[in-house]
Amino acid sequence: MSAPAVPLHAASRRARPVTGTKVTLAHGGGGTAMRDLIEDVFRAPFAGGAPGAAEDQARFDLSALALQGDRLAFTTDSFVVDPLFFPGGDIGTLAVCGTINDLAVGGARPVALSCAVIIEEGLPLETLRAVATSLATTAAAAGVPIVTGDTKVVARGACDKLFLTTTGIGVIRPGLHVGIDRVRPGDVLLVNGLLGDHGAAILNARGDLALDTQIASDCAALHGLIADLITAAPGIRMMRDATRGGVAAVLNEMAEASQVGVRIRETDVPMRPEVAGFCEILGLDPLYLANEGKLVAAVPADEAQAALDALRAHPLGQGAALIGVATADRPGRVVMETRFGGARIVDMLVGDQLPRIC
């Protein structure tokens, strides 16, 4: 007599809270330990999130997206910041805000994000829970849900604690066209606030310099600010968030792609005295310091004041400034008028002043 068939549902069970204090390789093995980790550490902070998050993919109603625009924007970025937690944010806030900003500076309204997590064996569960909570709260505050993701655990030494990869989609409304190659001579160049805070905060948080400063990262999601900017300056040519390589990298990429010259004034570049002093001590150029809540925008001259007013009216743009203009001479070059009355070329860096800042 053969044994009765075991009903499939007999093999299932409810996920249980994760026990222990550290992540192990079993948490990435695809079994019950991984399911417990995902349900307890990641899904719990996202309670009330998008339906269908338990699937291997998120699904979107194309007709609903088409009502918001005529083009889909799609971006991805990886985050390997060291340390994971720093004044003004952590790797979770950085991942959500960075990907939202990458969509928004292309003129897109961010719709949804994914997040893939690579965890080093031995990472304290407390650390992972804190990052998962940060991901959830930052996404909720921005109104851009994380709708799908992935989790992998690798052996000790195969990565450094925790790496995140976030991908986002957004919708661009009809008639809006911005791009790094659309700047024209005479356009004015704006930034939305004090520069260099993120790079300075990360370097100080590493603790090697023992400097007594309270500099915090400017990490922020800029899509609300950008929506106001586009409304005030509908002819806007270009937006770019000034992350790795800082404002200097953005201006150089813009000058080369648009084949314009760029002239900025050192005295017009907004910066905290602490950041300027920090750079002076360390021999760094603040124009190359990373930002995570600052953008560079190029707008036609006749829309400059409206754009500046819109930026300054927003909480994330109160320190906005006009830093320079695009010119017809010296295409591809960025020149800064110094505070001493001279001029110097601001070139691209070969590498990075500060590795692992995002």
# chains A, B, ... in the order shown; residues from 1 in each chain; ligands from 1

$ closest_atom_pairs --of "segment 219-290 of chain A" --to "segment 197-209 of chain A" --cutoff "8 Å" --atoms "only C-alpha atoms" --output "tab-separated table"
residue	atom	partner	partner_atom	distance
A:Cys219	CA	A:His198	CA	7.1
A:Val275	CA	A:Ala200	CA	6.5
A:Phe278	CA	A:Ala200	CA	7.3
A:Leu289	CA	A:Gly199	CA	5.2
A:Ala290	CA	A:Gly199	CA	4.7

$ write_last_selection --atoms "N, CA and C atoms" --output "tab-separated table (two decimals), in the first residue's frame"
chain	number	residue	atom	x	y	z
A	219	CYS	N	22.31	65.18	1.73
A	219	CYS	CA	21.52	64.14	1.07
A	219	CYS	C	20.02	64.47	1.09
A	275	VAL	N	33.50	74.23	5.14
A	275	VAL	CA	33.89	73.35	4.03
A	275	VAL	C	35.11	73.93	3.31
A	278	PHE	N	38.01	73.34	5.52
A	278	PHE	CA	38.29	71.91	5.50
A	278	PHE	C	39.15	71.57	4.28
A	289	LEU	N	34.26	68.42	-4.73
A	289	LEU	CA	33.65	67.66	-3.64
A	289	LEU	C	32.24	67.20	-4.04
A	290	ALA	N	31.89	65.99	-3.60
A	290	ALA	CA	30.59	65.43	-3.95
A	290	ALA	C	29.46	66.09	-3.16

$ residues_around --residues "Ile172 of chain A" --least-positions-apart "6" --cutoff "7 Å" --atoms "only C-alpha atoms" --output "PyMOL selection string"
chain A and resi 69-73+107-109

$ residues_around --residues "Glu126 of chain A" --least-positions-apart "4" --cutoff "9 Å" --atoms "only C-alpha atoms" --output "compact mmCIF listing (two decimals) with all heavy atoms, in the first residue's frame"
# COMPACT_ATOMS: atom_id res chain seq x y z
N THR A 21 22.46 37.51 15.95
CA THR A 21 22.84 38.93 15.86
C THR A 21 23.52 39.29 14.56
O THR A 21 23.72 40.48 14.28
CB THR A 21 23.80 39.28 17.01
OG1 THR A 21 24.97 38.46 16.91
CG2 THR A 21 23.13 39.06 18.37
N LYS A 22 23.90 38.27 13.75
CA LYS A 22 24.64 38.59 12.53
C LYS A 22 24.08 37.82 11.34
O LYS A 22 23.48 36.75 11.48
CB LYS A 22 26.13 38.25 12.70
CG LYS A 22 26.81 39.11 13.76
CD LYS A 22 28.29 38.85 13.82
CE LYS A 22 28.95 39.78 14.84
NZ LYS A 22 30.40 39.58 14.95
N ALA A 130 18.57 48.75 10.51
CA ALA A 130 18.60 50.22 10.47
C ALA A 130 18.60 50.72 9.03
O ALA A 130 17.91 51.69 8.69
CB ALA A 130 19.82 50.73 11.21
N VAL A 131 19.35 50.05 8.16
CA VAL A 131 19.39 50.47 6.75
C VAL A 131 18.04 50.20 6.08
O VAL A 131 17.53 51.04 5.30
CB VAL A 131 20.52 49.75 6.00
CG1 VAL A 131 20.44 50.02 4.51
CG2 VAL A 131 21.87 50.20 6.55

$ residues_around --residues "segment 135-147 of chain A" --least-positions-apart "6" --cutoff "12 Å" --atoms "only C-alpha atoms" --output "ChimeraX atom specification"
/A:41-60,89-101,103-104,109-117,128-129,164-170,219-225

$ write_last_selection --atoms "C-alpha atoms" --output "PDB file, in the first residue's frame"
ATOM      1  CA  VAL A  41      14.142  42.720   8.132  1.00  0.00           C
ATOM      2  CA  PHE A  42      12.975  44.148   4.791  1.00  0.00           C
ATOM      3  CA  ARG A  43       9.234  43.682   4.391  1.00  0.00           C
ATOM      4  CA  ALA A  44       8.335  44.699   7.928  1.00  0.00           C
ATOM      5  CA  PRO A  45       9.561  48.320   7.544  1.00  0.00           C
ATOM      6  CA  PHE A  46       7.693  48.517   4.228  1.00  0.00           C
ATOM      7  CA  ALA A  47       4.356  47.498   5.751  1.00  0.00           C
ATOM      8  CA  GLY A  48       1.590  49.156   3.775  1.00  0.00           C
ATOM      9  CA  GLY A  49       3.767  49.383   0.684  1.00  0.00           C
ATOM     10  CA  ALA A  50       2.845  48.547  -2.874  1.00  0.00           C
ATOM     11  CA  PRO A  51       0.710  45.432  -3.393  1.00  0.00           C
ATOM     12  CA  GLY A  52       2.488  42.633  -5.216  1.00  0.00           C
ATOM     13  CA  ALA A  53       5.868  43.246  -3.541  1.00  0.00           C
ATOM     14  CA  ALA A  54       6.087  39.513  -2.731  1.00  0.00           C
ATOM     15  CA  GLU A  55       6.358  38.707  -6.437  1.00  0.00           C
ATOM     16  CA  ASP A  56       9.612  38.566  -8.369  1.00  0.00           C
ATOM     17  CA  GLN A  57       8.582  41.653 -10.281  1.00  0.00           C
ATOM     18  CA  ALA A  58       6.483  44.790  -9.948  1.00  0.00           C
ATOM     19  CA  ARG A  59       3.734  45.411 -12.474  1.00  0.00           C
ATOM     20  CA  PHE A  60       2.533  48.751 -13.810  1.00  0.00           C
ATOM     21  CA  GLY A  89      22.209  60.247   6.310  1.00  0.00           C
ATOM     22  CA  ASP A  90      23.254  56.680   5.642  1.00  0.00           C
ATOM     23  CA  ILE A  91      23.579  54.304   2.709  1.00  0.00           C
ATOM     24  CA  GLY A  92      19.792  53.829   2.624  1.00  0.00           C
ATOM     25  CA  THR A  93      18.923  57.515   2.328  1.00  0.00           C
ATOM     26  CA  LEU A  94      21.730  57.895  -0.182  1.00  0.00           C
ATOM     27  CA  ALA A  95      20.412  55.092  -2.406  1.00  0.00           C
ATOM     28  CA  VAL A  96      16.824  56.317  -2.466  1.00  0.00           C
ATOM     29  CA  CYS A  97      17.635  60.011  -2.883  1.00  0.00           C
ATOM     30  CA  GLY A  98      20.395  59.391  -5.438  1.00  0.00           C
ATOM     31  CA  THR A  99      18.175  57.364  -7.737  1.00  0.00           C
ATOM     32  CA  ILE A 100      15.232  59.743  -7.415  1.00  0.00           C
ATOM     33  CA  ASN A 101      17.558  62.619  -8.307  1.00  0.00           C
ATOM     34  CA  LEU A 103      15.419  60.522 -12.669  1.00  0.00           C
ATOM     35  CA  ALA A 104      14.337  64.037 -11.722  1.00  0.00           C
ATOM     36  CA  ARG A 109       8.532  62.371 -12.315  1.00  0.00           C
ATOM     37  CA  PRO A 110       9.857  59.390 -10.331  1.00  0.00           C
ATOM     38  CA  VAL A 111       7.333  56.542 -10.156  1.00  0.00           C
ATOM     39  CA  ALA A 112       8.977  53.584  -8.414  1.00  0.00           C
ATOM     40  CA  LEU A 113      12.298  52.095  -7.294  1.00  0.00           C
ATOM     41  CA  SER A 114      13.861  48.666  -6.866  1.00  0.00           C
ATOM     42  CA  CYS A 115      16.625  47.843  -4.404  1.00  0.00           C
ATOM     43  CA  ALA A 116      19.148  44.992  -4.556  1.00  0.00           C
ATOM     44  CA  VAL A 117      21.181  44.290  -1.415  1.00  0.00           C
ATOM     45  CA  LEU A 128      20.818  45.739   8.367  1.00  0.00           C
ATOM     46  CA  ARG A 129      17.572  46.569  10.137  1.00  0.00           C
ATOM     47  CA  LEU A 164      23.044  48.579  -2.428  1.00  0.00           C
ATOM     48  CA  THR A 165      21.884  48.909  -6.023  1.00  0.00           C
ATOM     49  CA  THR A 166      18.764  50.953  -6.667  1.00  0.00           C
ATOM     50  CA  THR A 167      16.964  51.247  -9.977  1.00  0.00           C
ATOM     51  CA  GLY A 168      14.187  53.661 -10.772  1.00  0.00           C
ATOM     52  CA  ILE A 169      11.643  54.470 -13.424  1.00  0.00           C
ATOM     53  CA  GLY A 170       9.917  57.767 -14.056  1.00  0.00           C
ATOM     54  CA  CYS A 219      21.523  64.143   1.071  1.00  0.00           C
ATOM     55  CA  ALA A 220      17.991  64.932  -0.178  1.00  0.00           C
ATOM     56  CA  ALA A 221      15.469  63.983  -2.853  1.00  0.00           C
ATOM     57  CA  LEU A 222      15.183  66.894  -5.286  1.00  0.00           C
ATOM     58  CA  HIS A 223      12.142  65.953  -7.388  1.00  0.00           C
ATOM     59  CA  GLY A 224       9.843  68.456  -5.643  1.00  0.00           C
ATOM     60  CA  LEU A 225      12.341  71.284  -6.052  1.00  0.00           C
TER      61      LEU A 225
END

$ closest_residue --among "A:Thr267, A:Thr24, A:Thr19, A:Thr75" --to "Leu123 of chain A" --atoms "only C-alpha atoms"
A:Thr24

$ select_by_dssp --residues "segment 8-204 of chain A" --states "alpha helix (DSSP H)" --output "ChimeraX atom specification"
/A:32-37,62-66,91-104,125-142,197-204

$ write_last_selection --atoms "C-alpha atoms" --output "CSV table (one decimal), in the first residue's frame"
chain,number,residue,atom,x,y,z
A,32,THR,CA,13.6,29.4,4.9
A,33,ALA,CA,16.4,31.4,6.5
A,34,MET,CA,16.4,33.8,3.5
A,35,ARG,CA,12.7,34.1,3.6
A,36,ASP,CA,12.7,34.9,7.3
A,37,LEU,CA,15.4,37.6,6.7
A,62,LEU,CA,0.8,51.3,-18.9
A,63,SER,CA,-2.3,53.3,-19.5
A,64,ALA,CA,-1.9,55.1,-16.2
A,65,LEU,CA,1.7,55.9,-16.9
A,66,ALA,CA,0.8,57.2,-20.4
A,91,ILE,CA,23.6,54.3,2.7
A,92,GLY,CA,19.8,53.8,2.6
A,93,THR,CA,18.9,57.5,2.3
A,94,LEU,CA,21.7,57.9,-0.2
A,95,ALA,CA,20.4,55.1,-2.4
A,96,VAL,CA,16.8,56.3,-2.5
A,97,CYS,CA,17.6,60.0,-2.9
A,98,GLY,CA,20.4,59.4,-5.4
A,99,THR,CA,18.2,57.4,-7.7
A,100,ILE,CA,15.2,59.7,-7.4
A,101,ASN,CA,17.6,62.6,-8.3
A,102,ASP,CA,19.0,60.8,-11.3
A,103,LEU,CA,15.4,60.5,-12.7
A,104,ALA,CA,14.3,64.0,-11.7
A,125,LEU,CA,21.5,42.3,12.0
A,126,GLU,CA,21.0,45.6,13.8
A,127,THR,CA,22.9,47.4,11.1
A,128,LEU,CA,20.8,45.7,8.4
A,129,ARG,CA,17.6,46.6,10.1
A,130,ALA,CA,18.6,50.2,10.5
A,131,VAL,CA,19.4,50.5,6.7
A,132,ALA,CA,16.1,48.7,5.8
A,133,THR,CA,14.2,51.2,7.9
A,134,SER,CA,16.0,54.1,6.4
A,135,LEU,CA,15.2,52.8,2.9
A,136,ALA,CA,11.5,52.5,3.8
A,137,THR,CA,11.2,55.9,5.6
A,138,THR,CA,13.1,57.8,2.9
A,139,ALA,CA,11.1,56.3,0.1
A,140,ALA,CA,7.8,57.0,1.9
A,141,ALA,CA,8.8,60.6,2.6
A,142,ALA,CA,9.6,61.1,-1.0
A,197,ASP,CA,28.8,69.3,2.3
A,198,HIS,CA,28.4,65.6,1.4
A,199,GLY,CA,32.1,65.0,0.5
A,200,ALA,CA,33.3,66.9,3.6
A,201,ALA,CA,30.8,65.0,5.9
A,202,ILE,CA,31.9,61.6,4.6
A,203,LEU,CA,35.6,62.4,5.0
A,204,ASN,CA,35.2,63.7,8.5

$ residues_around --residues "Ala326 of chain A" --least-positions-apart "4" --cutoff "7 Å" --atoms "only C-alpha atoms" --output "PyMOL selection string"
chain A and resi 184-188+260-263

$ closest_atom_pairs --of "segment 73-192 of chain A" --to "segment 317-321 of chain A" --cutoff "6 Å" --atoms "only C-alpha atoms" --output "CSV"
residue,atom,partner,partner_atom,distance
A:Leu190,CA,A:Ala321,CA,5.7
A:Val191,CA,A:Ala320,CA,5.5
A:Asn192,CA,A:Ala320,CA,3.9

$ select_by_dssp --residues "segment 63-234 of chain A" --states "strand (DSSP E or B)" --output "ChimeraX atom specification"
/A:71-79,85-86,89-90,108-120,124,146-154,162-172,188-191

$ atom_distance --atom1 "atom CA of Asp352 of chain A" --atom2 "atom CA of Asp285 of chain A"
11.2 Å

$ residues_around --residues "Met238 of chain A" --least-positions-apart "2" --cutoff "9 Å" --atoms "only C-alpha atoms" --output "list in words"
Val105, Gly106, His177, Val178, Gly179, Ile180, Asp181, Arg182, Val183, Ile236, Arg240, Met254, Val296, Ala297, Ala298 and Val299 of chain A

$ closest_residue --among "A:Leu211, A:Val269, A:Leu322, A:Ile119" --to "Ala155 of chain A" --atoms "only C-alpha atoms"
A:Ile119

$ atom_distance --atom1 "atom CA of Thr243 of chain A" --atom2 "atom CA of Gly149 of chain A"
24.2 Å

$ residues_around --residues "segment 228-232 of chain A" --least-positions-apart "2" --cutoff "6 Å" --atoms "only C-alpha atoms" --output "number ranges by chain"
A: 225-226, 234, 306-307, 310
